[in-house]
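So this one's run22.cif, mmCIF, C-alpha atoms:
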```cif
data_my_file
loop_
_atom_site.label_atom_id
_atom_site.label_comp_id
_atom_site.auth_asym_id
_atom_site.auth_seq_id
_atom_site.Cartn_x
_atom_site.Cartn_y
_atom_site.Cartn_z
CA MET J 1 137.91 93.60 127.69
CA ALA J 2 140.27 96.56 127.87
CA SER J 3 139.44 99.70 129.79
CA PRO J 4 136.19 101.10 128.43
CA ASP J 5 136.05 104.26 126.41
CA VAL J 6 132.83 105.30 128.14
CA THR J 7 131.29 104.68 131.54
CA VAL J 8 127.52 104.98 131.65
CA ARG J 9 126.11 105.43 135.13
CA GLY J 10 122.51 104.32 135.33
CA ALA J 11 120.89 101.25 133.75
CA GLY J 12 117.47 102.69 133.03
CA ILE J 13 116.13 103.33 129.56
CA PHE J 14 118.35 106.36 128.85
CA GLY J 15 121.53 104.78 130.21
CA LEU J 16 121.05 101.47 128.39
CA SER J 17 119.98 103.15 125.14
CA VAL J 18 122.95 105.52 125.14
CA ALA J 19 125.25 102.58 125.91
CA TRP J 20 123.76 100.68 122.95
CA ALA J 21 124.33 103.59 120.57
CA LEU J 22 127.92 103.91 121.82
CA VAL J 23 128.60 100.20 121.34
CA GLN J 24 127.14 100.33 117.83
CA ARG J 25 129.62 103.10 117.06
CA GLY J 26 132.54 100.94 118.23
CA ALA J 27 133.04 102.28 121.75
CA ARG J 28 133.99 100.04 124.63
CA VAL J 29 131.37 100.62 127.31
CA GLN J 30 130.69 99.73 130.91
CA VAL J 31 127.30 100.38 132.51
CA ILE J 32 127.27 100.86 136.28
CA ASP J 33 124.12 100.71 138.41
CA PRO J 34 124.13 99.56 142.05
CA ALA J 35 120.44 98.63 141.87
CA GLY J 36 120.67 96.76 138.56
CA PRO J 37 118.98 97.30 135.19
CA GLY J 38 115.49 98.77 135.23
CA ALA J 39 115.41 99.17 138.99
CA GLY J 40 113.84 102.63 138.84
CA ALA J 41 111.19 104.19 136.63
CA SER J 42 112.23 102.02 133.68
CA GLY J 43 110.97 98.95 135.52
CA GLY J 44 107.35 100.07 135.19
CA LEU J 45 104.46 98.53 133.30
CA VAL J 46 102.80 100.93 130.86
CA GLY J 47 105.04 101.39 127.80
CA ALA J 48 102.88 103.90 125.91
CA LEU J 49 104.93 105.52 123.14
CA ALA J 50 102.48 108.30 122.35
CA PRO J 51 103.16 111.44 120.32
CA HIS J 52 102.60 115.03 121.30
CA VAL J 53 99.60 116.62 119.62
CA PRO J 54 100.43 117.98 116.12
CA GLU J 55 100.02 121.69 116.90
CA GLN J 56 102.25 124.49 118.19
CA TRP J 57 105.11 122.56 116.61
CA ASN J 58 108.57 122.93 118.13
CA ALA J 59 111.96 121.23 118.32
CA LYS J 60 110.84 118.95 121.15
CA LYS J 61 107.89 117.62 119.15
CA GLN J 62 110.01 117.17 116.02
CA PHE J 63 112.65 115.26 117.98
CA GLN J 64 109.99 113.00 119.47
CA LEU J 65 108.43 112.41 116.05
CA ASP J 66 111.79 111.40 114.58
CA SER J 67 112.43 109.09 117.51
CA LEU J 68 109.02 107.41 117.26
CA LEU J 69 109.45 106.91 113.52
CA MET J 70 112.86 105.27 113.91
CA ALA J 71 111.79 103.09 116.86
CA GLY J 72 110.60 100.06 114.89
CA ASP J 73 113.93 99.48 113.15
CA TRP J 74 115.86 100.49 116.27
CA TRP J 75 114.19 97.91 118.53
CA ALA J 76 114.45 95.29 115.79
CA GLU J 77 118.24 95.79 115.75
CA VAL J 78 118.34 95.42 119.53
CA ALA J 79 116.36 92.18 119.33
CA ALA J 80 118.56 90.83 116.53
CA ALA J 81 121.71 91.51 118.55
CA GLY J 82 120.60 90.00 121.86
CA GLY J 83 117.76 87.65 121.00
CA VAL J 84 115.22 89.36 123.28
CA ASP J 85 112.16 91.12 121.85
CA ALA J 86 111.07 94.35 123.55
CA GLY J 87 107.45 93.87 122.48
CA HIS J 88 107.44 96.97 120.30
CA ALA J 89 104.49 97.35 117.93
CA ARG J 90 103.02 100.44 116.28
CA LEU J 91 99.31 99.68 116.60
CA GLY J 92 97.98 103.22 117.00
CA ARG J 93 95.68 104.73 119.60
CA LEU J 94 92.00 105.62 120.06
CA GLN J 95 90.78 108.58 122.12
CA PRO J 96 87.16 109.62 122.78
CA LEU J 97 85.98 113.13 121.96
CA ALA J 98 83.88 114.64 124.73
CA ASP J 99 82.06 117.48 122.96
CA ALA J 100 81.82 119.62 119.85
CA ALA J 101 84.80 121.73 120.83
CA ALA J 102 86.95 118.62 121.20
CA VAL J 103 85.82 117.41 117.78
CA GLN J 104 86.74 120.74 116.18
CA ALA J 105 90.17 120.73 117.84
CA ALA J 106 90.79 117.15 116.75
CA LYS J 107 89.97 117.96 113.13
CA ALA J 108 92.40 120.89 113.21
CA ARG J 109 95.06 118.57 114.59
CA ALA J 110 94.39 116.14 111.74
CA ALA J 111 95.39 118.88 109.32
CA GLY J 112 98.49 119.56 111.40
CA ALA J 113 99.50 115.90 111.35
CA ALA J 114 99.03 115.77 107.59
CA ALA J 115 101.49 118.63 107.24
CA LEU J 116 104.02 117.57 109.88
CA TRP J 117 104.12 113.78 110.13
CA GLN J 118 105.81 113.27 106.77
CA GLY J 119 103.04 111.08 105.41
CA ARG J 120 104.22 108.26 107.67
CA ALA J 121 101.33 108.39 110.14
CA VAL J 122 97.88 109.93 110.36
CA TRP J 123 95.71 111.59 112.98
CA GLN J 124 92.04 111.37 112.05
CA VAL J 125 88.55 111.64 113.49
CA VAL J 126 86.58 108.42 113.02
CA PRO J 127 83.14 107.22 114.13
CA ALA J 128 82.96 104.87 117.09
CA THR J 129 81.72 101.43 116.07
CA GLY J 130 80.65 100.12 119.44
CA ALA J 131 83.28 97.37 119.30
CA PRO J 132 84.26 95.93 122.70
CA TRP J 133 87.81 97.33 122.42
CA GLU J 134 86.89 100.99 122.09
CA PRO J 135 86.67 103.78 124.62
CA VAL J 136 83.23 105.12 125.47
CA SER J 137 82.72 108.38 123.54
CA PRO J 138 80.00 110.95 124.39
CA THR J 139 80.03 112.30 120.83
CA GLY J 140 80.23 108.94 119.10
CA LEU J 141 83.54 110.06 117.59
CA LEU J 142 87.12 109.02 118.27
CA VAL J 143 90.59 110.23 117.41
CA HIS J 144 92.60 107.48 115.75
CA ASP J 145 96.31 108.07 115.29
CA THR J 146 98.64 105.55 113.68
CA LEU J 147 101.88 106.88 115.18
CA THR J 148 101.39 105.66 118.75
CA ALA J 149 103.28 102.48 119.61
CA ARG J 150 103.76 100.23 122.59
CA LEU J 151 106.50 98.20 124.17
CA ALA J 152 106.85 96.26 127.42
CA PRO J 153 109.23 98.30 129.61
CA ARG J 154 110.75 95.37 131.49
CA ARG J 155 111.25 93.40 128.29
CA ALA J 156 112.78 96.47 126.65
CA VAL J 157 115.30 96.71 129.48
CA ALA J 158 116.07 93.00 129.18
CA ALA J 159 116.44 93.34 125.40
CA LEU J 160 118.99 96.14 125.75
CA VAL J 161 120.92 94.26 128.44
CA ALA J 162 121.11 91.17 126.23
CA ALA J 163 122.18 93.21 123.19
CA LEU J 164 124.87 95.06 125.14
CA ARG J 165 126.31 91.85 126.56
CA ALA J 166 126.27 90.25 123.12
CA ARG J 167 128.35 93.16 121.82
CA GLY J 168 130.88 92.93 124.66
CA ALA J 169 129.71 95.71 126.99
CA THR J 170 129.91 95.06 130.71
CA LEU J 171 127.19 95.72 133.28
CA ALA J 172 128.10 95.88 136.93
CA ALA J 173 126.88 97.15 140.29
CA GLU J 174 130.07 99.03 141.07
CA GLY J 175 133.14 100.24 139.26
CA PRO J 176 135.41 103.24 138.77
CA ASP J 177 134.79 105.92 136.20
CA THR J 178 136.92 105.26 133.13
CA GLY J 179 136.89 107.36 130.01
CA ALA J 180 134.03 109.73 129.37
CA VAL J 181 131.15 109.41 131.85
CA VAL J 182 127.45 109.63 131.02
CA TRP J 183 125.18 110.22 133.99
CA ALA J 184 121.77 108.67 133.35
CA THR J 185 120.84 108.17 136.98
CA GLY J 186 117.16 109.11 136.98
CA ALA J 187 115.36 110.84 139.80
CA ALA J 188 118.23 110.45 142.26
CA GLY J 189 120.58 111.84 139.64
CA LEU J 190 118.48 114.97 139.24
CA ALA J 191 118.83 115.57 142.97
CA ASP J 192 122.59 115.07 142.76
CA LEU J 193 122.88 117.40 139.77
CA SER J 194 120.77 120.03 141.52
CA ALA J 195 123.05 119.87 144.57
CA ALA J 196 126.18 120.14 142.42
CA LEU J 197 124.84 123.12 140.48
CA GLY J 198 123.39 124.87 143.52
CA ARG J 199 119.87 125.13 142.10
CA THR J 200 116.98 122.82 141.38
CA VAL J 201 117.07 121.54 137.81
CA GLY J 202 114.38 118.89 138.24
CA GLY J 203 112.85 116.42 140.61
CA ALA J 204 110.93 113.22 141.09
CA VAL J 205 107.28 112.55 140.26
CA LYS J 206 105.69 109.38 141.59
CA GLY J 207 103.80 107.20 139.17
CA GLN J 208 101.56 104.20 139.80
CA ALA J 209 100.38 101.65 137.24
CA ALA J 210 98.73 98.25 137.08
CA LEU J 211 98.69 95.19 134.85
CA LEU J 212 95.42 93.41 134.06
CA ALA J 213 94.90 89.95 132.59
CA HIS J 214 93.07 90.64 129.33
CA ASP J 215 94.18 89.59 125.87
CA ALA J 216 93.93 92.48 123.41
CA ARG J 217 97.43 92.09 122.04
CA ASP J 218 96.72 93.19 118.48
CA ARG J 219 94.43 96.08 119.39
CA PRO J 220 95.32 99.79 119.55
CA GLN J 221 96.01 101.65 122.76
CA LEU J 222 93.27 103.67 124.37
CA PHE J 223 93.59 107.03 126.09
CA ALA J 224 90.50 108.10 128.02
CA GLY J 225 89.76 109.67 131.37
CA GLY J 226 93.41 110.69 131.65
CA VAL J 227 94.49 107.02 131.64
CA HIS J 228 96.62 105.08 129.17
CA VAL J 229 95.33 101.59 128.41
CA VAL J 230 98.06 99.60 126.66
CA PRO J 231 97.63 96.02 125.37
CA HIS J 232 100.84 93.99 125.41
CA ALA J 233 101.95 91.03 123.35
CA ASP J 234 101.79 88.62 126.30
CA GLY J 235 98.02 88.93 126.72
CA THR J 236 98.07 91.59 129.43
CA VAL J 237 96.87 95.20 129.49
CA ALA J 238 98.75 97.91 131.36
CA VAL J 239 96.91 100.94 132.77
CA GLY J 240 98.42 104.09 134.18
CA SER J 241 99.50 106.24 135.50
CA THR J 242 99.38 108.76 138.29
CA SER J 243 101.59 111.85 138.45
CA GLU J 244 102.16 112.65 142.13
CA THR J 245 104.40 115.38 143.49
CA ARG J 246 103.58 114.43 147.07
CA TRP J 247 103.68 110.94 148.50
CA ASP J 248 104.30 109.01 151.69
CA ALA J 249 106.10 106.01 150.19
CA PRO J 250 107.71 106.18 146.73
CA ALA J 251 107.41 102.48 145.87
CA THR J 252 104.03 101.68 147.45
CA THR J 253 100.73 101.59 145.60
CA ASP J 254 97.57 102.94 147.19
CA ALA J 255 94.06 104.21 146.51
CA ALA J 256 95.34 106.52 143.75
CA LEU J 257 96.07 103.43 141.66
CA ASP J 258 92.63 102.03 142.45
CA ASP J 259 91.23 105.20 140.88
CA VAL J 260 93.32 104.67 137.73
CA ILE J 261 92.06 101.09 137.41
CA ALA J 262 88.46 102.24 137.90
CA ALA J 263 88.89 104.96 135.25
CA ALA J 264 90.30 102.44 132.78
CA ARG J 265 87.37 100.08 133.36
CA ALA J 266 84.87 102.90 132.97
CA ALA J 267 86.49 104.00 129.72
CA CYS J 268 86.67 100.47 128.32
CA PRO J 269 83.97 98.11 129.64
CA ALA J 270 85.85 95.14 128.14
CA LEU J 271 88.16 95.45 131.16
CA ALA J 272 85.36 95.31 133.73
CA ALA J 273 86.09 91.74 134.84
CA ALA J 274 89.82 91.65 134.06
CA PRO J 275 91.77 90.72 137.21
CA VAL J 276 94.68 92.87 138.39
CA ILE J 277 97.85 90.77 138.31
CA ASP J 278 100.52 93.35 139.12
CA ARG J 279 100.75 96.79 140.74
CA TRP J 280 103.76 99.10 140.43
CA ALA J 281 104.90 102.41 141.86
CA GLY J 282 108.11 104.34 141.38
CA LEU J 283 109.73 107.73 140.94
CA ARG J 284 110.16 109.21 137.47
CA PRO J 285 112.71 111.95 136.72
CA ARG J 286 111.24 115.22 135.47
CA ALA J 287 113.48 118.11 134.47
CA ARG J 288 112.28 121.67 135.06
CA SER J 289 111.77 122.10 131.33
CA ARG J 290 109.74 118.83 131.17
CA ALA J 291 111.93 117.84 128.21
CA PRO J 292 114.84 115.40 128.44
CA MET J 293 117.96 117.01 129.90
CA LEU J 294 120.97 116.25 127.71
CA GLY J 295 124.51 117.50 127.23
CA PRO J 296 127.76 118.19 129.02
CA TRP J 297 127.75 118.38 132.80
CA PRO J 298 128.57 122.05 133.45
CA SER J 299 132.08 122.55 134.84
CA ARG J 300 132.85 118.81 134.89
CA ALA J 301 134.96 118.04 131.83
CA GLY J 302 134.38 114.68 130.20
CA HIS J 303 131.08 114.14 132.01
CA PHE J 304 127.66 114.23 130.37
CA VAL J 305 124.02 114.14 131.45
CA ALA J 306 121.15 112.11 129.94
CA ASN J 307 118.19 112.43 132.27
CA GLY J 308 114.64 113.70 132.63
CA GLY J 309 112.78 111.11 130.58
CA PHE J 310 109.67 111.39 132.79
CA LYS J 311 106.68 109.97 130.84
CA ILE J 312 108.30 109.97 127.42
CA GLY J 313 111.64 108.28 128.08
CA PHE J 314 111.01 105.07 126.16
CA GLY J 315 109.60 106.96 123.18
CA MET J 316 112.50 109.41 123.13
CA ALA J 317 115.20 106.79 123.75
CA PRO J 318 116.32 106.10 120.15
CA GLY J 319 116.76 109.80 119.44
CA VAL J 320 118.40 110.52 122.80
CA ALA J 321 120.83 107.65 122.26
CA ARG J 322 121.81 108.97 118.83
CA VAL J 323 122.52 112.56 119.83
CA MET J 324 124.37 111.54 123.00
CA ALA J 325 126.62 109.16 121.06
CA ASP J 326 127.34 111.93 118.57
CA LEU J 327 128.24 114.28 121.41
CA VAL J 328 130.33 111.90 123.52
CA LEU J 329 132.28 110.24 120.71
CA ASP J 330 132.57 113.00 118.10
CA GLY J 331 131.88 116.23 119.94
CA HIS J 332 129.03 116.83 117.52
CA ASP J 333 126.21 118.65 119.32
CA ALA J 334 122.82 117.99 117.73
CA ILE J 335 120.82 118.38 120.95
CA PRO J 336 117.57 120.26 120.25
CA ALA J 337 116.78 123.63 121.75
CA GLY J 338 115.14 123.21 125.13
CA PHE J 339 116.84 119.89 125.89
CA ARG J 340 120.09 121.20 127.34
CA VAL J 341 121.16 121.20 130.96
CA GLN J 342 121.47 124.99 130.76
CA ASP J 343 117.80 125.24 129.81
CA ASN J 344 116.92 124.05 133.31
CA LEU J 345 119.12 126.49 135.23
#
```
Any chance you could give the structure as structure tokens?
Amino acid sequence: MASPDVTVRGAGIFGLSVAWALVQRGARVQVIDPAGPGAGASGGLVGALAPHVPEQWNAKKQFQLDSLLMAGDWWAEVAAAGGVDAGHARLGRLQPLADAAAVQAAKARAAGAAALWQGRAVWQVVPATGAPWEPVSPTGLLVHDTLTARLAPRRAVAALVAALRARGATLAAEGPDTGAVVWATGAAGLADLSAALGRTVGGAVKGQAALLAHDARDRPQLFAGGVHVVPHADGTVAVGSTSETRWDAPATTDAALDDVIAAARAACPALAAAPVIDRWAGLRPRARSRAPMLGPWPSRAGHFVANGGFKIGFGMAPGVARVMADLVLDGHDAIPAGFRVQDNL
């Protein structure tokens, strides 16, 4: 392989997705990550691709909607190229409604979704049926949306790695910058960018999640008690996660995760006896704006930033990959308002 046109630094979900979009456009790409693919926040467990609520609509929510709607075909192309399935499935989500005010708000959001979601998904209030795979609802009512999807984060990383290698991209622990450089280096990268710019543009938030042995693979996700409950195709259920700005050890689980597991079991009694088979903790990159941080690296010609995925990185990845490839290869800037590096200064 000749010298690459683009060097992508960081093999998390943003780095790998941007690399994939670049390769699809004919670029020669190398991905560099000393820790290996999915070593940071992208090596987690949950994989909840959940939409923002359909109200107070803005460019961020529209971008996420477009990305979620294109995800099925996007992940199918990745699987076809590399032979590894990311476990993506759009099975929807159920959420309990706590009181009359919550019911009223949910019905208003249903009208918003009807107007904004292009007829390709719905948000509706439905009666609880008492089925085992339902969250406990004080009002007997649930929100059911059909836009929410799931994937298995570690399998998604493996799928992108396989697809990139099949298309001739290289992945390595070390290497020199050659061509344009995309910095997708997660929480550590936000610290480096902050130091280079002389001001804090984001930081790390610790998350903890768990994996339970319970087969609900064809059932919708649940969101209750502040916890995502995500059935995966391999007969496991992921629950998470915490959002911690203070911690003693970034990669160690503790009693905070025990609380998440207890909340998931309280919300869904079907999980009461499900054994915990994996526990994970890691640092997720959150930009000051809480939106992805995309665009040219200020004052560093030929360098670009794709960071700040935080809780929505996997859901935003197809859209992020598309606009970054447009920018790096063609100079076409379609980055939404609020997503730029400058928006965090």
Requested in this report: I would like the residues chosen by the PyMOL selection byres ((chain J and resi 22) around 9) on the shown file; could you give them as a PyMOL selection string?
Outcome: chain J and resi 6+17-21+23-29+321-322+324-326+328-329
Could you dump the residues just selected with C-alpha atoms as an mmCIF file, keeping the file's coordinate frame?
```cif
data_model
loop_
_atom_site.group_PDB
_atom_site.id
_atom_site.type_symbol
_atom_site.label_atom_id
_atom_site.label_comp_id
_atom_site.auth_asym_id
_atom_site.auth_seq_id
_atom_site.Cartn_x
_atom_site.Cartn_y
_atom_site.Cartn_z
ATOM 1 C CA VAL J 6 132.830 105.300 128.140
ATOM 2 C CA SER J 17 119.980 103.150 125.140
ATOM 3 C CA VAL J 18 122.950 105.520 125.140
ATOM 4 C CA ALA J 19 125.250 102.580 125.910
ATOM 5 C CA TRP J 20 123.760 100.680 122.950
ATOM 6 C CA ALA J 21 124.330 103.590 120.570
ATOM 7 C CA VAL J 23 128.600 100.200 121.340
ATOM 8 C CA GLN J 24 127.140 100.330 117.830
ATOM 9 C CA ARG J 25 129.620 103.100 117.060
ATOM 10 C CA GLY J 26 132.540 100.940 118.230
ATOM 11 C CA ALA J 27 133.040 102.280 121.750
ATOM 12 C CA ARG J 28 133.990 100.040 124.630
ATOM 13 C CA VAL J 29 131.370 100.620 127.310
ATOM 14 C CA ALA J 321 120.830 107.650 122.260
ATOM 15 C CA ARG J 322 121.810 108.970 118.830
ATOM 16 C CA MET J 324 124.370 111.540 123.000
ATOM 17 C CA ALA J 325 126.620 109.160 121.060
ATOM 18 C CA ASP J 326 127.340 111.930 118.570
ATOM 19 C CA VAL J 328 130.330 111.900 123.520
ATOM 20 C CA LEU J 329 132.280 110.240 120.710
#
```
Would you write out, as JSON lines, a table of all residues in range 44-73 of chain J that have an atom no more than 10 Å from an atom of range 84-93 of chain J, listing for each the closest atom pair and the distance in Å to one decimal, considering all atoms listed in the file and ordering rows by chain and rising residue number?
```
{"residue": "J:Gly47", "atom": "CA", "partner": "J:His88", "partner_atom": "CA", "distance": 9.0}
{"residue": "J:Ala48", "atom": "CA", "partner": "J:Arg93", "partner_atom": "CA", "distance": 9.6}
{"residue": "J:Leu49", "atom": "CA", "partner": "J:Arg90", "partner_atom": "CA", "distance": 8.7}
{"residue": "J:Ala50", "atom": "CA", "partner": "J:Arg93", "partner_atom": "CA", "distance": 8.2}
{"residue": "J:Leu68", "atom": "CA", "partner": "J:Arg90", "partner_atom": "CA", "distance": 9.2}
{"residue": "J:Leu69", "atom": "CA", "partner": "J:Arg90", "partner_atom": "CA", "distance": 9.5}
{"residue": "J:Ala71", "atom": "CA", "partner": "J:His88", "partner_atom": "CA", "distance": 8.3}
{"residue": "J:Gly72", "atom": "CA", "partner": "J:His88", "partner_atom": "CA", "distance": 7.0}
{"residue": "J:Asp73", "atom": "CA", "partner": "J:His88", "partner_atom": "CA", "distance": 10.0}
```
Report task. Would you work out the distance separating CA of Ala196 in chain J from CA of Gly10 in chain J, expressed in Å to one decimal? Result ->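 So the two atoms, CA of Ala196 in chain J and CA of Gly10 in chain J, lie 17.7 Å apart.
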Query raised in the report: Could you spell out the hits of the PyMOL selection byres ((chain J and resi 211-215) around 12) on the shown file, as a VMD selection string?
Result: chain J and resid 44 to 47 133 152 208 to 210 216 to 219 228 to 241 257 to 258 260 to 262 264 to 265 268 to 281
Would you mind exporting C-alpha atoms of the selected residues as a PDB file, in the frame of the given file?
```
ATOM      1  CA  GLY J  44     107.350 100.070 135.190  1.00  0.00           C
ATOM      2  CA  LEU J  45     104.460  98.530 133.300  1.00  0.00           C
ATOM      3  CA  VAL J  46     102.800 100.930 130.860  1.00  0.00           C
ATOM      4  CA  GLY J  47     105.040 101.390 127.800  1.00  0.00           C
ATOM      5  CA  TRP J 133      87.810  97.330 122.420  1.00  0.00           C
ATOM      6  CA  ALA J 152     106.850  96.260 127.420  1.00  0.00           C
ATOM      7  CA  GLN J 208     101.560 104.200 139.800  1.00  0.00           C
ATOM      8  CA  ALA J 209     100.380 101.650 137.240  1.00  0.00           C
ATOM      9  CA  ALA J 210      98.730  98.250 137.080  1.00  0.00           C
ATOM     10  CA  ALA J 216      93.930  92.480 123.410  1.00  0.00           C
ATOM     11  CA  ARG J 217      97.430  92.090 122.040  1.00  0.00           C
ATOM     12  CA  ASP J 218      96.720  93.190 118.480  1.00  0.00           C
ATOM     13  CA  ARG J 219      94.430  96.080 119.390  1.00  0.00           C
ATOM     14  CA  HIS J 228      96.620 105.080 129.170  1.00  0.00           C
ATOM     15  CA  VAL J 229      95.330 101.590 128.410  1.00  0.00           C
ATOM     16  CA  VAL J 230      98.060  99.600 126.660  1.00  0.00           C
ATOM     17  CA  PRO J 231      97.630  96.020 125.370  1.00  0.00           C
ATOM     18  CA  HIS J 232     100.840  93.990 125.410  1.00  0.00           C
ATOM     19  CA  ALA J 233     101.950  91.030 123.350  1.00  0.00           C
ATOM     20  CA  ASP J 234     101.790  88.620 126.300  1.00  0.00           C
ATOM     21  CA  GLY J 235      98.020  88.930 126.720  1.00  0.00           C
ATOM     22  CA  THR J 236      98.070  91.590 129.430  1.00  0.00           C
ATOM     23  CA  VAL J 237      96.870  95.200 129.490  1.00  0.00           C
ATOM     24  CA  ALA J 238      98.750  97.910 131.360  1.00  0.00           C
ATOM     25  CA  VAL J 239      96.910 100.940 132.770  1.00  0.00           C
ATOM     26  CA  GLY J 240      98.420 104.090 134.180  1.00  0.00           C
ATOM     27  CA  SER J 241      99.500 106.240 135.500  1.00  0.00           C
ATOM     28  CA  LEU J 257      96.070 103.430 141.660  1.00  0.00           C
ATOM     29  CA  ASP J 258      92.630 102.030 142.450  1.00  0.00           C
ATOM     30  CA  VAL J 260      93.320 104.670 137.730  1.00  0.00           C
ATOM     31  CA  ILE J 261      92.060 101.090 137.410  1.00  0.00           C
ATOM     32  CA  ALA J 262      88.460 102.240 137.900  1.00  0.00           C
ATOM     33  CA  ALA J 264      90.300 102.440 132.780  1.00  0.00           C
ATOM     34  CA  ARG J 265      87.370 100.080 133.360  1.00  0.00           C
ATOM     35  CA  CYS J 268      86.670 100.470 128.320  1.00  0.00           C
ATOM     36  CA  PRO J 269      83.970  98.110 129.640  1.00  0.00           C
ATOM     37  CA  ALA J 270      85.850  95.140 128.140  1.00  0.00           C
ATOM     38  CA  LEU J 271      88.160  95.450 131.160  1.00  0.00           C
ATOM     39  CA  ALA J 272      85.360  95.310 133.730  1.00  0.00           C
ATOM     40  CA  ALA J 273      86.090  91.740 134.840  1.00  0.00           C
ATOM     41  CA  ALA J 274      89.820  91.650 134.060  1.00  0.00           C
ATOM     42  CA  PRO J 275      91.770  90.720 137.210  1.00  0.00           C
ATOM     43  CA  VAL J 276      94.680  92.870 138.390  1.00  0.00           C
ATOM     44  CA  ILE J 277      97.850  90.770 138.310  1.00  0.00           C
ATOM     45  CA  ASP J 278     100.520  93.350 139.120  1.00  0.00           C
ATOM     46  CA  ARG J 279     100.750  96.790 140.740  1.00  0.00           C
ATOM     47  CA  TRP J 280     103.760  99.100 140.430  1.00  0.00           C
ATOM     48  CA  ALA J 281     104.900 102.410 141.860  1.00  0.00           C
TER      49      ALA J 281
END
```
Report task. Just say which residues the PyMOL selection byres ((chain J and resi 180-192) around 6) picks in this file, as a ChimeraX atom specification. Result -> /J:6-10,15,179,193-195,202-204,284-285,302-307
Could you dump the residues just selected with C-alpha atoms as a PDB file, in the frame of the given file?
```pdb
ATOM      1  CA  VAL J   6     132.830 105.300 128.140  1.00  0.00           C
ATOM      2  CA  THR J   7     131.290 104.680 131.540  1.00  0.00           C
ATOM      3  CA  VAL J   8     127.520 104.980 131.650  1.00  0.00           C
ATOM      4  CA  ARG J   9     126.110 105.430 135.130  1.00  0.00           C
ATOM      5  CA  GLY J  10     122.510 104.320 135.330  1.00  0.00           C
ATOM      6  CA  GLY J  15     121.530 104.780 130.210  1.00  0.00           C
ATOM      7  CA  GLY J 179     136.890 107.360 130.010  1.00  0.00           C
ATOM      8  CA  LEU J 193     122.880 117.400 139.770  1.00  0.00           C
ATOM      9  CA  SER J 194     120.770 120.030 141.520  1.00  0.00           C
ATOM     10  CA  ALA J 195     123.050 119.870 144.570  1.00  0.00           C
ATOM     11  CA  GLY J 202     114.380 118.890 138.240  1.00  0.00           C
ATOM     12  CA  GLY J 203     112.850 116.420 140.610  1.00  0.00           C
ATOM     13  CA  ALA J 204     110.930 113.220 141.090  1.00  0.00           C
ATOM     14  CA  ARG J 284     110.160 109.210 137.470  1.00  0.00           C
ATOM     15  CA  PRO J 285     112.710 111.950 136.720  1.00  0.00           C
ATOM     16  CA  GLY J 302     134.380 114.680 130.200  1.00  0.00           C
ATOM     17  CA  HIS J 303     131.080 114.140 132.010  1.00  0.00           C
ATOM     18  CA  PHE J 304     127.660 114.230 130.370  1.00  0.00           C
ATOM     19  CA  VAL J 305     124.020 114.140 131.450  1.00  0.00           C
ATOM     20  CA  ALA J 306     121.150 112.110 129.940  1.00  0.00           C
ATOM     21  CA  ASN J 307     118.190 112.430 132.270  1.00  0.00           C
TER      22      ASN J 307
END
```
Query - Option closest in space to Gly207 in chain J, from J:Gly175, J:Pro37, J:Gly83, J:Gly282 [counting all atoms listed in the file] - result: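 Looking at the shortest contact to Gly207 in chain J, the residue is J:Gly282.
Summary of the local environment: counting all atoms listed in the file, residues at most 7 Å from Ala291 in chain J, other than itself and those fewer than 6 positions away along its chain, are Gly308, Gly338 and Phe339 of chain J.
Distances from J:Ala255, J:Val136, J:Val53, J:Ala39 to Thr148 in chain J were compared using only C-alpha atoms, and the smallest one belongs to J:Val53.
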Report task. Go ahead and compute the interatomic distance for CA of Glu77 in chain J and CA of Pro336 in chain J, in Å to one decimal. Result ->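 Between CA of Glu77 in chain J and CA of Pro336 in chain J the gap works out to 24.9 Å.
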Query raised in the report: For Arg340 in chain J, which residue out of J:Ala128, J:Leu283, J:Gly198, J:Lys60 is the nearest one, using all atoms listed in the file?
Result: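 Nearest to Arg340 in chain J: J:Lys60.
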Query raised in the report: In Å, with one decimal, what is the gap from CA of Pro54 in chain J to CA of Ile335 in chain J?
Result: 21.0 Å
**Report entry** Who sits within 8 Å of Phe314 in chain J, all atoms listed in the file, same chain under 2 positions skipped, as a list in words
**Finding:** Ile13, Phe14, Gly47, Leu49, Pro153, Gly309, Ile312, Met316 and Ala317 of chain J
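Between Lys311 in chain J and the residues J:Pro132, J:Pro292, J:Pro250, J:Leu97, the shortest atom-to-atom distance, using only C-alpha atoms, involves J:Pro292.
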**Report entry** Exercise: Gln104 in chain J partners within 12 Å, all atoms listed in the file, chain neighbours under 3 positions left out, as JSON, numbers by chain
**Finding:** {"J": [97, 98, 99, 100, 101, 107, 108, 109, 110, 111, 124, 125, 139, 141, 142, 143]}
Now that the selection is made, can you save its residues with C-alpha atoms as a compact mmCIF listing (two decimals), in the coordinates of the input?
```
# COMPACT_ATOMS: atom_id res chain seq x y z
CA LEU J 97 85.98 113.13 121.96
CA ALA J 98 83.88 114.64 124.73
CA ASP J 99 82.06 117.48 122.96
CA ALA J 100 81.82 119.62 119.85
CA ALA J 101 84.80 121.73 120.83
CA LYS J 107 89.97 117.96 113.13
CA ALA J 108 92.40 120.89 113.21
CA ARG J 109 95.06 118.57 114.59
CA ALA J 110 94.39 116.14 111.74
CA ALA J 111 95.39 118.88 109.32
CA GLN J 124 92.04 111.37 112.05
CA VAL J 125 88.55 111.64 113.49
CA THR J 139 80.03 112.30 120.83
CA LEU J 141 83.54 110.06 117.59
CA LEU J 142 87.12 109.02 118.27
CA VAL J 143 90.59 110.23 117.41
```
Query - Top pick for closest residue to Gln118 in chain J, considering J:Gln62, J:Leu345, J:Ala41, J:Asp177 and counting only C-alpha atoms - result: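 The closest residue to Gln118 in chain J is J:Gln62.
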